[in-house]
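*Asks:* Got a structure for you, written out below as structure tokens; questions coming shortly.
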Amino acid sequence: MAEKLQAVEVLYCGVCGLPAEYCEFGSEFEKCKPWLIQNAPDLYPDLVKDSNLKEADKVSDQLQSTSISEGSSTSKKEEVKRLPGGKIKKKDKQEIIIEKVTRNRRKSITTIKGLEIFGVKLSDASKKLGKKFATGASVVKGPTEKEQIDVQGDISYDIVDFITETWPDVPESAIFFIEDRKKVPAA
């Protein structure tokens, strides 16, 4: 005779109400993680491993803060932001890049990238640049999806002095030039 089929017991998440296997596809997965680690560790072994690593990091941070070592105990710790998946978010380099792009052999555009890192509002900066150099200036998204200021004309001769005078928080050593990049005309 054939064996009797047994009913399958499904473990439902105590937070979102979905079956535990499907929590990762729900909108509240971050809230479900502690519940899953405690009640279904075999379904998500990566979560258990990550939680163990986080606990180890907390313990090591506590040990470092209460270290008894000789020497300077006021060492500066770098702030590292961790993204989902264990990736580390890099800090933006504190530099301003001024780039002169030539188009149609005679016309040029000066691009200023990185002013927002120093706390400068880009819309206000573009207005000031347009008034100072009597030209068009606008805030646009660059190829890396970050906003930058495009100024019509070649203003690279006086831009460093203007930036350092207008915004004293910007050091002159943080400003770099990229000269004469040719822009390919649109076909």
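Each chain in the structure tokens gets a letter, A, B and so on, in the order shown; residues start at 1 in every chain, and ligands are counted from 1 in the order they appear.
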So which residues touch Ile109 of chain A within 12 Å, counting only C-alpha atoms, skipping near sequence neighbours fewer than 3 positions away, as a PyMOL selection string?

*Replies:* chain A and resi 98-106+112+135-138+149-156+179-183

*Asks:* In Å, rounded to a single decimal, give me how far atom CA of Lys4 of chain A is from atom CA of Gly17 of chain A.

*Replies:* 29.4 Å

*Asks:* Figure out the distance between atom CA of Phe25 of chain A and atom CA of Glu9 of chain A, please, to one decimal in Å.

*Replies:*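 Spanning atom CA of Glu9 of chain A to atom CA of Phe25 of chain A is a straight-line distance of 20.4 Å.
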
*Asks:* List the spatial neighbours of segment 113-127 of chain A as a ChimeraX atom specification - criterion: any atom at most 12 Å away, only C-alpha atoms, same-chain residues fewer than 3 positions off excluded.

*Replies:* /A:91-100,110,130-152,159,162-164,166-171,174-178

*Asks:* What's the 8 Å shell around Val10 of chain A, counting only C-alpha atoms, without same-chain residues fewer than 2 positions away, as number ranges by chain?

*Replies:* A: 8, 12, 19

*Asks:* If we count only C-alpha atoms and set the cut-off at 9 Å, which residues sit around segment 44-59 of chain A, ignoring sequence neighbours fewer than 6 positions away in its own chain? Please answer as a list in words.

*Replies:*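 Non-adjacent residues within range: Glu21, Lys33, Pro34, Leu36, Ile37, Gln38 and Gly86 of chain A.
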
*Asks:* To one decimal in Å, tell me the separation between atom CA of Asp42 of chain A and atom CA of Ala7 of chain A.

*Replies:* 20.5 Å

*Asks:* Would you please work out which residue, of A:Lys107, A:Cys16, A:Glu28, A:Val160, is nearest to Glu172 of chain A when using only C-alpha atoms?

*Replies:*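 Of A:Lys107, A:Cys16, A:Glu28, A:Val160, the one nearest Glu172 of chain A is A:Val160, counting only C-alpha atoms.
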
*Asks:* In terms of the shortest atom-to-atom distance over only C-alpha atoms, which of A:Glu165, A:Gly14, A:Leu5, A:Ser108 is closest to Cys32 of chain A?

*Replies:*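 Among the listed residues, the smallest separation from Cys32 of chain A belongs to A:Gly14.
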